[in-house]
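Structure file entry.csv with CSV, C-alpha atoms and all ligand atoms:
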```csv
chain,number,residue,atom,x,y,z
A,1,MET,CA,102.3,84.4,87.1
A,2,LEU,CA,102.4,88.1,87.9
A,3,LYS,CA,102.7,89.1,91.5
A,4,PHE,CA,102.9,92.8,91.3
A,5,MET,CA,102.7,95.6,88.8
A,6,SER,CA,102.9,99.4,88.7
A,7,LEU,CA,102.5,102.2,86.2
A,8,ALA,CA,104.1,105.6,85.8
A,9,VAL,CA,102.1,107.6,83.3
A,10,LYS,CA,102.6,110.9,81.6
A,11,LEU,CA,99.8,112.4,79.5
A,12,GLN,CA,98.5,115.6,78.1
A,13,LEU,CA,95.0,116.7,78.8
A,14,ASN,CA,93.4,119.7,77.1
A,15,VAL,CA,90.2,121.4,78.4
A,16,HIS,CA,89.3,118.9,81.1
A,17,ASP,CA,87.1,119.1,84.2
A,18,LEU,CA,88.3,115.9,85.8
A,19,ASN,CA,88.7,117.4,89.2
A,20,ASN,CA,85.2,118.6,89.6
A,21,GLU,CA,84.5,116.7,92.8
A,22,THR,CA,82.3,119.3,94.4
A,23,GLY,CA,79.7,121.6,92.9
A,24,ALA,CA,78.1,124.3,95.0
A,25,GLY,CA,75.5,126.7,93.7
A,26,ASN,CA,76.0,127.9,90.2
A,27,VAL,CA,79.8,128.2,90.4
A,28,THR,CA,82.1,125.2,90.3
A,29,ASP,CA,85.6,126.0,91.4
A,30,ILE,CA,88.4,124.0,90.0
A,31,ARG,CA,90.5,122.1,92.6
A,32,ILE,CA,93.9,123.7,93.0
A,33,MET,CA,96.7,121.8,94.8
A,34,GLU,CA,99.9,123.2,96.2
A,35,PHE,CA,103.1,121.4,95.6
A,36,LEU,CA,106.9,122.0,95.2
A,37,ASP,CA,108.9,122.1,92.0
A,38,GLU,CA,112.3,120.4,91.6
A,39,ASN,CA,114.0,123.4,93.2
A,40,GLY,CA,111.8,123.2,96.2
A,41,ASN,CA,109.7,126.3,95.3
A,42,LYS,CA,106.0,126.4,96.0
A,43,LYS,CA,103.7,126.1,93.0
A,44,GLU,CA,99.9,125.7,92.6
A,45,ALA,CA,97.9,124.3,89.7
A,46,PRO,CA,94.7,122.2,89.1
A,47,ALA,CA,95.2,118.6,90.1
A,48,VAL,CA,92.9,115.5,90.4
A,49,SER,CA,92.7,113.4,93.6
A,50,GLY,CA,93.8,109.8,93.8
A,51,ARG,CA,90.2,109.1,95.0
A,52,MET,CA,88.9,110.2,91.7
A,53,LEU,CA,91.5,108.1,89.8
A,54,LYS,CA,90.6,105.1,91.9
A,55,HIS,CA,86.9,105.6,91.3
A,56,TRP,CA,87.5,105.6,87.6
A,57,HIS,CA,89.5,102.4,87.7
A,58,TYR,CA,86.5,100.9,89.6
A,59,GLU,CA,84.1,102.3,86.9
A,60,ALA,CA,86.2,100.8,84.1
A,61,MET,CA,86.2,97.4,85.8
A,62,ARG,CA,82.5,97.6,86.5
A,63,ALA,CA,81.9,98.4,82.8
A,64,LEU,CA,84.1,95.5,81.6
A,65,ILE,CA,82.1,93.1,83.8
A,66,ASN,CA,78.6,94.5,83.3
A,67,ASN,CA,79.1,94.4,79.5
A,68,GLY,CA,80.2,90.8,79.6
A,69,SER,CA,83.9,91.2,78.7
A,70,TYR,CA,84.6,89.3,81.9
A,71,SER,CA,82.2,86.9,83.6
A,72,LEU,CA,82.8,87.9,87.2
A,73,PRO,CA,80.6,88.3,90.3
A,74,LEU,CA,79.6,91.7,91.7
A,75,CYS,CA,77.7,92.5,94.8
A,76,ALA,CA,74.6,94.7,94.4
A,77,GLY,CA,76.5,97.8,95.4
A,78,CYS,CA,79.3,97.4,93.0
A,79,LYS,CA,77.0,96.3,90.2
A,80,THR,CA,75.0,99.5,90.4
A,81,GLY,CA,78.0,101.8,91.1
A,82,GLU,CA,76.9,102.7,94.6
A,83,PRO,CA,79.7,103.1,97.2
A,84,ILE,CA,78.0,100.6,99.5
A,85,ARG,CA,80.3,97.7,99.7
A,86,PRO,CA,79.5,94.8,100.1
A,87,GLY,CA,75.9,95.6,99.2
A,88,GLU,CA,72.8,93.6,99.1
A,89,VAL,CA,69.2,94.5,98.2
A,90,THR,CA,66.8,93.7,101.0
A,91,ASN,CA,63.2,94.9,100.8
A,92,GLY,CA,64.0,97.0,97.9
A,93,GLN,CA,66.8,98.9,99.6
A,94,LEU,CA,70.5,98.6,99.0
A,95,LYS,CA,72.3,98.0,102.3
A,96,GLN,CA,75.8,97.1,103.5
A,97,VAL,CA,75.7,93.6,104.8
A,98,PRO,CA,78.5,92.4,107.1
A,99,LYS,CA,79.7,89.0,106.2
A,100,PRO,CA,82.8,86.9,106.7
A,101,GLU,CA,85.7,88.0,104.4
A,102,GLN,CA,85.8,84.7,102.6
A,103,GLN,CA,82.1,85.1,101.5
A,104,ILE,CA,82.5,88.8,100.5
A,105,LEU,CA,85.5,88.0,98.3
A,106,SER,CA,83.8,85.0,96.6
A,107,SER,CA,80.7,87.0,95.8
A,108,CYS,CA,82.3,90.3,94.6
A,109,CYS,CA,85.5,90.9,92.7
A,110,ILE,CA,85.4,94.7,93.2
A,111,CYS,CA,85.0,94.3,97.0
A,112,ASP,CA,88.0,92.0,96.6
A,113,ILE,CA,90.2,94.3,94.6
A,114,HIS,CA,89.1,97.8,95.7
A,115,GLY,CA,88.5,96.9,99.4
A,116,TYR,CA,85.8,98.0,101.8
A,117,LEU,CA,85.1,99.2,105.3
A,118,ILE,CA,82.3,97.7,107.4
A,119,ALA,CA,81.7,100.0,110.3
A,120,GLN,CA,79.5,97.4,112.1
A,121,ALA,CA,81.9,94.4,112.5
A,122,ALA,CA,80.6,91.0,111.5
A,123,LYS,CA,79.7,88.9,114.5
A,124,GLN,CA,80.3,85.7,112.7
A,125,GLU,CA,82.2,82.7,113.9
A,126,GLY,CA,85.9,83.3,113.6
A,127,GLU,CA,85.5,87.1,113.0
A,128,GLY,CA,83.8,88.3,116.2
A,129,GLY,CA,85.4,91.5,117.4
A,130,ILE,CA,87.7,92.0,114.5
A,131,SER,CA,86.9,95.2,112.5
A,132,SER,CA,86.0,94.3,109.0
A,133,ARG,CA,88.2,96.3,106.6
A,134,ARG,CA,89.9,95.3,103.5
A,135,THR,CA,92.6,97.6,102.0
A,136,SER,CA,92.5,98.2,98.2
A,137,ARG,CA,94.8,96.1,96.0
A,138,ALA,CA,94.8,99.0,93.5
A,139,MET,CA,96.6,102.2,94.7
A,140,PHE,CA,96.7,105.6,93.0
A,141,SER,CA,98.5,108.9,93.4
A,142,TRP,CA,97.0,112.2,92.6
A,143,LEU,CA,97.1,113.3,89.0
A,144,MET,CA,99.7,116.1,89.1
A,145,PRO,CA,101.2,118.5,86.6
A,146,VAL,CA,104.6,117.6,85.3
A,147,LEU,CA,107.1,120.0,86.9
A,148,GLY,CA,108.3,122.6,84.5
A,149,SER,CA,105.4,122.3,82.2
A,150,GLU,CA,102.8,125.1,81.6
A,151,THR,CA,99.3,124.7,83.1
A,152,ALA,CA,96.3,126.7,81.9
A,153,GLN,CA,92.8,127.2,83.2
A,154,LYS,CA,89.8,129.2,82.2
A,155,GLN,CA,86.4,129.9,83.5
A,156,VAL,CA,83.6,130.0,81.0
A,157,VAL,CA,79.9,130.8,81.3
A,158,HIS,CA,77.4,128.1,80.3
A,159,THR,CA,73.7,128.5,79.7
A,160,ARG,CA,71.3,125.7,80.5
A,161,VAL,CA,67.7,125.8,79.4
A,162,SER,CA,65.4,124.6,82.0
A,163,GLN,CA,62.2,123.3,80.4
A,164,GLN,CA,60.4,123.2,83.8
A,165,GLU,CA,61.0,126.9,84.5
A,166,GLU,CA,60.0,127.7,80.9
A,167,ILE,CA,56.6,126.2,81.5
A,168,ALA,CA,56.2,127.7,84.9
A,169,GLU,CA,57.5,131.3,84.5
A,170,GLY,CA,57.7,132.0,80.8
A,171,GLU,CA,60.6,132.4,78.4
A,172,GLY,CA,62.6,135.0,80.3
A,173,ALA,CA,63.2,132.8,83.3
A,174,ALA,CA,64.1,129.8,81.2
A,175,GLN,CA,67.9,130.3,81.1
A,176,MET,CA,70.1,129.3,83.9
A,177,ILE,CA,73.5,130.8,83.8
A,178,PHE,CA,76.5,129.1,85.5
A,179,ASN,CA,80.2,129.3,85.5
A,180,LYS,CA,82.6,126.4,85.1
A,181,SER,CA,86.4,126.1,85.0
A,182,TYR,CA,88.4,123.9,82.7
A,183,ALA,CA,92.1,123.1,82.9
A,184,SER,CA,94.8,122.0,80.5
A,185,GLY,CA,98.2,120.6,81.2
A,186,VAL,CA,100.8,117.8,81.0
A,187,TYR,CA,100.1,115.4,83.9
A,188,ALA,CA,101.6,112.5,85.7
A,189,PHE,CA,100.2,109.7,87.9
A,190,VAL,CA,101.5,106.5,89.4
A,191,SER,CA,99.5,103.4,90.3
A,192,ALA,CA,100.3,100.0,91.7
A,193,LEU,CA,98.3,96.7,91.6
A,194,ASP,CA,99.2,94.2,94.4
A,195,ILE,CA,98.2,91.2,92.3
A,196,ASP,CA,99.5,88.6,94.7
A,197,ARG,CA,97.0,89.8,97.3
A,198,ILE,CA,94.0,89.7,95.0
A,199,SER,CA,91.4,87.2,96.5
A,200,LEU,CA,93.7,86.6,99.4
A,201,VAL,CA,91.8,86.1,102.7
A,202,GLU,CA,93.6,88.5,105.1
A,203,LEU,CA,91.6,87.5,108.2
A,204,ASN,CA,92.5,83.9,107.8
A,205,LEU,CA,93.8,83.2,111.3
A,206,GLY,CA,95.4,79.9,110.4
A,207,SER,CA,99.1,79.6,109.8
A,208,SER,CA,99.0,79.6,106.0
A,209,SER,CA,97.4,82.2,103.8
A,210,SER,CA,94.7,81.2,101.4
A,211,TYR,CA,92.7,82.5,98.4
A,212,ALA,CA,88.9,82.8,98.5
A,213,VAL,CA,88.9,82.1,94.7
A,214,GLY,CA,91.1,79.7,92.9
A,215,ASP,CA,93.4,80.7,90.0
A,216,ASP,CA,91.3,78.9,87.4
A,217,ASN,CA,88.0,79.6,89.1
A,218,GLY,CA,87.9,83.3,88.4
A,219,ARG,CA,91.0,84.7,90.1
A,220,LYS,CA,92.9,85.1,86.9
A,221,ASP,CA,90.0,86.9,85.3
A,222,ARG,CA,89.8,89.2,88.2
A,223,ILE,CA,93.4,90.1,87.7
A,224,LYS,CA,93.0,90.6,84.0
A,225,ALA,CA,89.9,92.9,84.4
A,226,ALA,CA,91.9,95.0,86.9
A,227,ILE,CA,94.8,95.3,84.5
A,228,GLU,CA,92.5,96.0,81.5
A,229,ALA,CA,90.8,98.8,83.4
A,230,TYR,CA,94.0,100.9,83.3
A,231,ARG,CA,93.7,101.0,79.5
A,232,TYR,CA,90.6,103.1,79.8
A,233,MET,CA,92.2,105.5,82.2
A,234,LEU,CA,95.1,106.1,79.7
A,235,SER,CA,92.5,107.5,77.3
A,236,GLY,CA,91.5,110.2,79.9
A,237,GLN,CA,88.5,108.3,81.2
A,238,MET,CA,89.2,109.2,84.8
A,239,GLY,CA,87.2,112.0,86.1
A,240,ALA,CA,84.0,114.1,86.4
A,241,SER,CA,82.0,115.7,83.6
A,242,LEU,CA,82.8,113.1,81.0
A,243,SER,CA,79.3,113.6,79.5
A,244,HIS,CA,80.1,117.1,78.3
A,245,ALA,CA,83.8,117.7,78.8
A,246,LEU,CA,85.7,114.6,77.6
A,247,PRO,CA,89.3,115.6,77.9
A,248,HIS,CA,91.4,115.9,74.8
A,249,CYS,CA,93.8,113.3,75.9
A,250,SER,CA,97.1,112.3,74.4
A,251,PRO,CA,99.2,109.7,76.3
A,252,LEU,CA,102.9,110.7,76.2
A,253,GLU,CA,104.8,108.0,78.2
A,254,VAL,CA,103.8,104.8,79.9
A,255,LEU,CA,106.4,103.0,82.1
A,256,VAL,CA,105.3,99.7,83.5
A,257,LEU,CA,107.1,97.7,86.1
A,258,TYR,CA,106.1,94.1,86.9
A,259,SER,CA,107.4,91.1,88.8
A,260,GLU,CA,106.7,87.4,89.0
A,261,GLY,CA,108.9,87.2,92.1
A,262,GLY,CA,107.3,89.5,94.7
A,263,PRO,CA,106.2,93.1,95.5
A,264,LEU,CA,108.0,96.1,94.0
A,265,PRO,CA,108.7,99.6,95.3
A,266,PHE,CA,106.5,102.3,93.8
A,267,PRO,CA,107.9,104.0,90.7
A,268,VAL,CA,109.3,107.5,90.9
A,269,SER,CA,106.6,109.9,89.6
A,270,PRO,CA,106.8,111.1,86.0
A,271,MET,CA,106.2,114.6,87.4
A,272,TYR,CA,110.0,114.6,87.9
A,273,SER,CA,112.3,115.0,84.9
A,274,ASP,CA,114.6,112.0,85.7
A,275,TYR,CA,111.9,109.6,86.8
A,276,ILE,CA,112.9,106.7,84.6
A,277,LYS,CA,116.5,106.6,85.7
A,278,LYS,CA,115.6,107.0,89.3
A,279,THR,CA,112.8,104.3,89.1
A,280,LYS,CA,115.2,101.8,87.5
A,281,GLY,CA,117.8,102.6,90.1
A,282,LEU,CA,115.3,101.8,92.8
A,283,MET,CA,114.0,98.5,91.5
A,284,PRO,CA,115.1,95.1,92.8
A,285,GLU,CA,116.5,92.6,90.3
A,286,HIS,CA,113.3,90.7,89.8
A,287,ALA,CA,111.6,93.8,88.4
A,288,LYS,CA,110.9,93.8,84.6
A,289,VAL,CA,110.5,97.1,82.7
A,290,LEU,CA,108.3,98.0,79.8
A,291,TYR,CA,108.1,101.4,78.2
A,292,TRP,CA,106.1,103.2,75.5
A,293,GLY,CA,106.7,106.8,74.4
A,294,LYS,CA,107.5,108.9,71.4
A,295,ASP,CA,111.2,108.8,71.9
A,296,THR,CA,113.4,106.2,73.6
A,297,PRO,CA,115.0,107.8,76.7
A,298,GLU,CA,118.6,107.0,77.4
A,299,ALA,CA,117.7,104.9,80.4
A,300,ILE,CA,115.4,102.6,78.3
A,301,SER,CA,117.0,99.7,76.4
A,302,GLU,CA,115.7,98.4,73.1
A,303,GLU,CA,114.3,95.2,74.9
A,304,GLU,CA,112.3,97.4,77.2
A,305,LYS,CA,110.7,99.6,74.5
A,306,ARG,CA,107.3,98.7,73.0
A,307,ASN,CA,105.7,100.1,69.9
A,308,THR,CA,102.2,100.5,71.2
A,309,ILE,CA,100.5,100.8,74.6
A,310,SER,CA,98.5,97.7,73.6
A,311,ASP,CA,101.8,95.7,73.3
A,312,ILE,CA,102.4,96.5,77.0
A,313,PHE,CA,98.9,95.4,78.0
A,314,ASN,CA,99.0,92.2,75.9
A,315,GLU,CA,102.3,91.3,77.5
A,316,LEU,CA,101.0,91.8,81.0
A,317,LEU,CA,97.8,89.8,80.3
A,318,SER,CA,99.8,86.9,78.8
A,319,LYS,CA,101.6,86.5,82.1
A,320,ILE,CA,98.4,85.9,84.1
A,401,ZN,ZN,81.2,94.7,95.9
```
Written as structure tokens, how would this file's structure read?
Ligand SMILES: [Zn+2]
Amino acid sequence: MLKFMSLAVKLQLNVHDLNNETGAGNVTDIRIMEFLDENGNKKEAPAVSGRMLKHWHYEAMRALINNGSYSLPLCAGCKTGEPIRPGEVTNGQLKQVPKPEQQILSSCCICDIHGYLIAQAAKQEGEGGISSRRTSRAMFSWLMPVLGSETAQKQVVHTRVSQQEEIAEGEGAAQMIFNKSYASGVYAFVSALDIDRISLVELNLGSSSSYAVGDDNGRKDRIKAAIEAYRYMLSGQMGASLSHALPHCSPLEVLVLYSEGGPLPFPVSPMYSDYIKKTKGLMPEHAKVLYWGKDTPEAISEEEKRNTISDIFNELLSKI
């Protein structure tokens, strides 16, 4: 049974708008992040926050559950995609409802895996006075340009026809003009999934830890849905403006580390040229390595190389 897994991903994205987290007025500025190259020199380029990546992992899990691929419970907030966790509908309104951790975990697998923060602490027996916060089992870096690669960005003018204005003020006023920026580049991100702590009740004050959901009572399916959600992210499904600016995505390299023994260090980011060698040099003995890419890098053995990304996912899922 898997206890921990992580991914180090390199992909090319052409003409994307994934980092469009804020839009003000009729101009949407692309998010630019400052960072250092391998010589320590300051660079800047469009980047996408880890919050955005985490949100899209959540969206993929939600879709897998709502369309019936996995039969798993969701609270009202997670079911509808509202960031109110754990949520319940009372008198027609979606509200955050403080409950003991055990109950929250049993009734929602996304609250379990992606965590939550309840500002108003539950005053239930055994939890009085303890702030109610669960850290995410899924962790994400920012999506950053691979160092040494080119990045491109361009602002374009869009025209939107507003039917309402057309009716109100005639044809001349019907066109709304706005500017948007799009970026292209070769990007990297890392993510880790702390599988062993999925469904684990953290506030269990007893001596031994316990799971809110049994392995064969849904916990295994929760883990599978969380792993499967990454597959969608590798297709570029991980940011804003997907309705009209799906990125032209091409995965380039996928390095997966997993362990059936215990937690692992995070992989070195594929934004660095020697990330595979460094990652392997950092891992404890119980870490297993899987790799997919166009070429086989020197640091990857024949046993570690897989022919398709699906081969990697199927292998991970078979160990749950
Ligand atoms: Zn929830």
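The residue that comes closest to A:Glu260, out of A:Val186, A:Met52, A:Val9, A:Met1 and on the basis of only C-alpha atoms, is A:Met1.
Between atom CA of A:Gly40 and atom CA of A:Leu53 the interatomic distance comes to 26.1 Å.
Pairwise distance (atom CA of A:Lys42, atom CA of A:Leu143) equals 17.3 Å.
Residue nearest ligand ZN 401 (chain A), chosen from A:Val254, A:Leu74, A:Leu234, A:Val146 and counting all atoms listed in the file: A:Leu74.
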Discussion item. Within 12 Å of ligand ZN 401 (chain A) (counting only C-alpha atoms and all ligand atoms), which residues show up? I'd like them as a PyMOL selection string.
Written reply: chain A and resi 58+61-62+72-88+94-99+101+103-118+134
Fill in: Residue contacts of A:Tyr211 (9 Å, only C-alpha atoms) excluding same-chain residues fewer than 2 positions away, as number ranges by chain
A: 102, 197-201, 209, 213-215, 219
Take the residues from that selection and put them in a file with C-alpha atoms, as a compact mmCIF listing (two decimals), in the coordinates of the input.
```
# COMPACT_ATOMS: atom_id res chain seq x y z
CA GLN A 102 85.80 84.70 102.60
CA ARG A 197 97.00 89.80 97.30
CA ILE A 198 94.00 89.70 95.00
CA SER A 199 91.40 87.20 96.50
CA LEU A 200 93.70 86.60 99.40
CA VAL A 201 91.80 86.10 102.70
CA SER A 209 97.40 82.20 103.80
CA VAL A 213 88.90 82.10 94.70
CA GLY A 214 91.10 79.70 92.90
CA ASP A 215 93.40 80.70 90.00
CA ARG A 219 91.00 84.70 90.10
```
Item to complete: Could you give me, as a count of residues only, the residues that sit within 12 Å of (81.0, 135.3, 82.0) in the file's coordinates, counting only C-alpha atoms?
Response: 12
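Atom CA of A:Phe140 is positioned 21.7 Å from atom CA of A:Lys43.
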Fill in: Nearest to A:Pro297 by atom-to-atom distance, counting all atoms listed in the file, from A:His16, A:Ile309, A:Leu316, A:Tyr275
A:Tyr275
Discussion item. Nearest residue to A:Lys10 out of A:Glu253, A:Asp274, A:Glu304, A:Asp194, using all atoms listed in the file?
Written reply: A:Glu253
Worksheet item: A:Asn314: which residues within 12 Å, counting only C-alpha atoms, same-chain residues fewer than 6 positions away excluded, as number ranges by chain?
Response: A: 224, 227-228, 231, 290, 306-308, 320
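Minimum atom-to-atom distances from A:Ala240, A:Ile223, A:Val15, A:Ala45 to A:Leu147 were compared using all atoms listed in the file, and the lowest value belongs to A:Ala45.
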Item to complete: Find, counting all atoms listed in the file, the residue in A:Val289, A:Ala119, A:Ala212, A:Leu193 that gets nearest to A:Met139.
Response: A:Leu193
Worksheet item: Which neighbours of A:Lys277 fall inside 12 Å, counting all atoms listed in the file, when residues of the same chain fewer than 4 positions from it are skipped, and could you give them as a PyMOL selection string?
Response: chain A and resi 255+267-270+272-273+281-283+289+297-301
Student task, stretch 177-197 of chain A output with N, CA and C atoms as a PDB file, in the first residue's frame:
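What follows is the written file out-v2.pdb:
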```
ATOM      1  N   ILE A 177     -14.483  46.469 -25.888  1.00  0.00           N
ATOM      2  CA  ILE A 177     -13.113  46.107 -26.261  1.00  0.00           C
ATOM      3  C   ILE A 177     -12.300  45.887 -24.993  1.00  0.00           C
ATOM      4  N   PHE A 178     -11.572  44.786 -24.925  1.00  0.00           N
ATOM      5  CA  PHE A 178     -10.713  44.554 -23.766  1.00  0.00           C
ATOM      6  C   PHE A 178      -9.425  43.849 -24.180  1.00  0.00           C
ATOM      7  N   ASN A 179      -8.422  44.054 -23.352  1.00  0.00           N
ATOM      8  CA  ASN A 179      -7.091  43.487 -23.639  1.00  0.00           C
ATOM      9  C   ASN A 179      -6.817  42.294 -22.741  1.00  0.00           C
ATOM     10  N   LYS A 180      -6.177  41.303 -23.309  1.00  0.00           N
ATOM     11  CA  LYS A 180      -5.758  40.164 -22.488  1.00  0.00           C
ATOM     12  C   LYS A 180      -4.363  39.723 -22.901  1.00  0.00           C
ATOM     13  N   SER A 181      -3.616  39.215 -21.919  1.00  0.00           N
ATOM     14  CA  SER A 181      -2.263  38.734 -22.203  1.00  0.00           C
ATOM     15  C   SER A 181      -2.239  37.215 -22.184  1.00  0.00           C
ATOM     16  N   TYR A 182      -1.458  36.646 -23.061  1.00  0.00           N
ATOM     17  CA  TYR A 182      -1.283  35.189 -23.119  1.00  0.00           C
ATOM     18  C   TYR A 182       0.209  34.891 -23.100  1.00  0.00           C
ATOM     19  N   ALA A 183       0.562  33.768 -22.498  1.00  0.00           N
ATOM     20  CA  ALA A 183       1.977  33.427 -22.354  1.00  0.00           C
ATOM     21  C   ALA A 183       2.254  32.044 -22.925  1.00  0.00           C
ATOM     22  N   SER A 184       3.515  31.806 -23.268  1.00  0.00           N
ATOM     23  CA  SER A 184       3.962  30.504 -23.759  1.00  0.00           C
ATOM     24  C   SER A 184       5.307  30.191 -23.137  1.00  0.00           C
ATOM     25  N   GLY A 185       5.533  28.913 -22.872  1.00  0.00           N
ATOM     26  CA  GLY A 185       6.821  28.551 -22.294  1.00  0.00           C
ATOM     27  C   GLY A 185       6.912  27.082 -21.952  1.00  0.00           C
ATOM     28  N   VAL A 186       8.102  26.699 -21.492  1.00  0.00           N
ATOM     29  CA  VAL A 186       8.310  25.340 -20.973  1.00  0.00           C
ATOM     30  C   VAL A 186       8.318  25.476 -19.454  1.00  0.00           C
ATOM     31  N   TYR A 187       7.421  24.743 -18.797  1.00  0.00           N
ATOM     32  CA  TYR A 187       7.197  24.957 -17.369  1.00  0.00           C
ATOM     33  C   TYR A 187       7.466  23.709 -16.543  1.00  0.00           C
ATOM     34  N   ALA A 188       7.653  23.940 -15.251  1.00  0.00           N
ATOM     35  CA  ALA A 188       7.876  22.846 -14.301  1.00  0.00           C
ATOM     36  C   ALA A 188       7.015  23.053 -13.070  1.00  0.00           C
ATOM     37  N   PHE A 189       6.542  21.946 -12.498  1.00  0.00           N
ATOM     38  CA  PHE A 189       5.969  22.022 -11.150  1.00  0.00           C
ATOM     39  C   PHE A 189       6.249  20.728 -10.406  1.00  0.00           C
ATOM     40  N   VAL A 190       6.192  20.821  -9.084  1.00  0.00           N
ATOM     41  CA  VAL A 190       6.293  19.622  -8.261  1.00  0.00           C
ATOM     42  C   VAL A 190       5.068  19.554  -7.362  1.00  0.00           C
ATOM     43  N   SER A 191       4.679  18.350  -7.043  1.00  0.00           N
ATOM     44  CA  SER A 191       3.552  18.157  -6.147  1.00  0.00           C
ATOM     45  C   SER A 191       3.799  16.894  -5.327  1.00  0.00           C
ATOM     46  N   ALA A 192       3.233  16.877  -4.131  1.00  0.00           N
ATOM     47  CA  ALA A 192       3.361  15.692  -3.278  1.00  0.00           C
ATOM     48  C   ALA A 192       2.002  15.351  -2.698  1.00  0.00           C
ATOM     49  N   LEU A 193       1.766  14.064  -2.535  1.00  0.00           N
ATOM     50  CA  LEU A 193       0.512  13.593  -1.944  1.00  0.00           C
ATOM     51  C   LEU A 193       0.872  12.710  -0.744  1.00  0.00           C
ATOM     52  N   ASP A 194       0.476  13.198   0.436  1.00  0.00           N
ATOM     53  CA  ASP A 194       0.798  12.490   1.684  1.00  0.00           C
ATOM     54  C   ASP A 194      -0.297  11.442   1.934  1.00  0.00           C
ATOM     55  N   ILE A 195      -0.171  10.339   1.212  1.00  0.00           N
ATOM     56  CA  ILE A 195      -1.232   9.326   1.167  1.00  0.00           C
ATOM     57  C   ILE A 195      -1.521   8.722   2.536  1.00  0.00           C
ATOM     58  N   ASP A 196      -0.470   8.488   3.306  1.00  0.00           N
ATOM     59  CA  ASP A 196      -0.644   7.822   4.605  1.00  0.00           C
ATOM     60  C   ASP A 196      -1.523   8.646   5.549  1.00  0.00           C
ATOM     61  N   ARG A 197      -1.577   9.987   5.321  1.00  0.00           N
ATOM     62  CA  ARG A 197      -2.364  10.832   6.224  1.00  0.00           C
ATOM     63  C   ARG A 197      -3.746  11.167   5.666  1.00  0.00           C
TER      64      ARG A 197
END
```
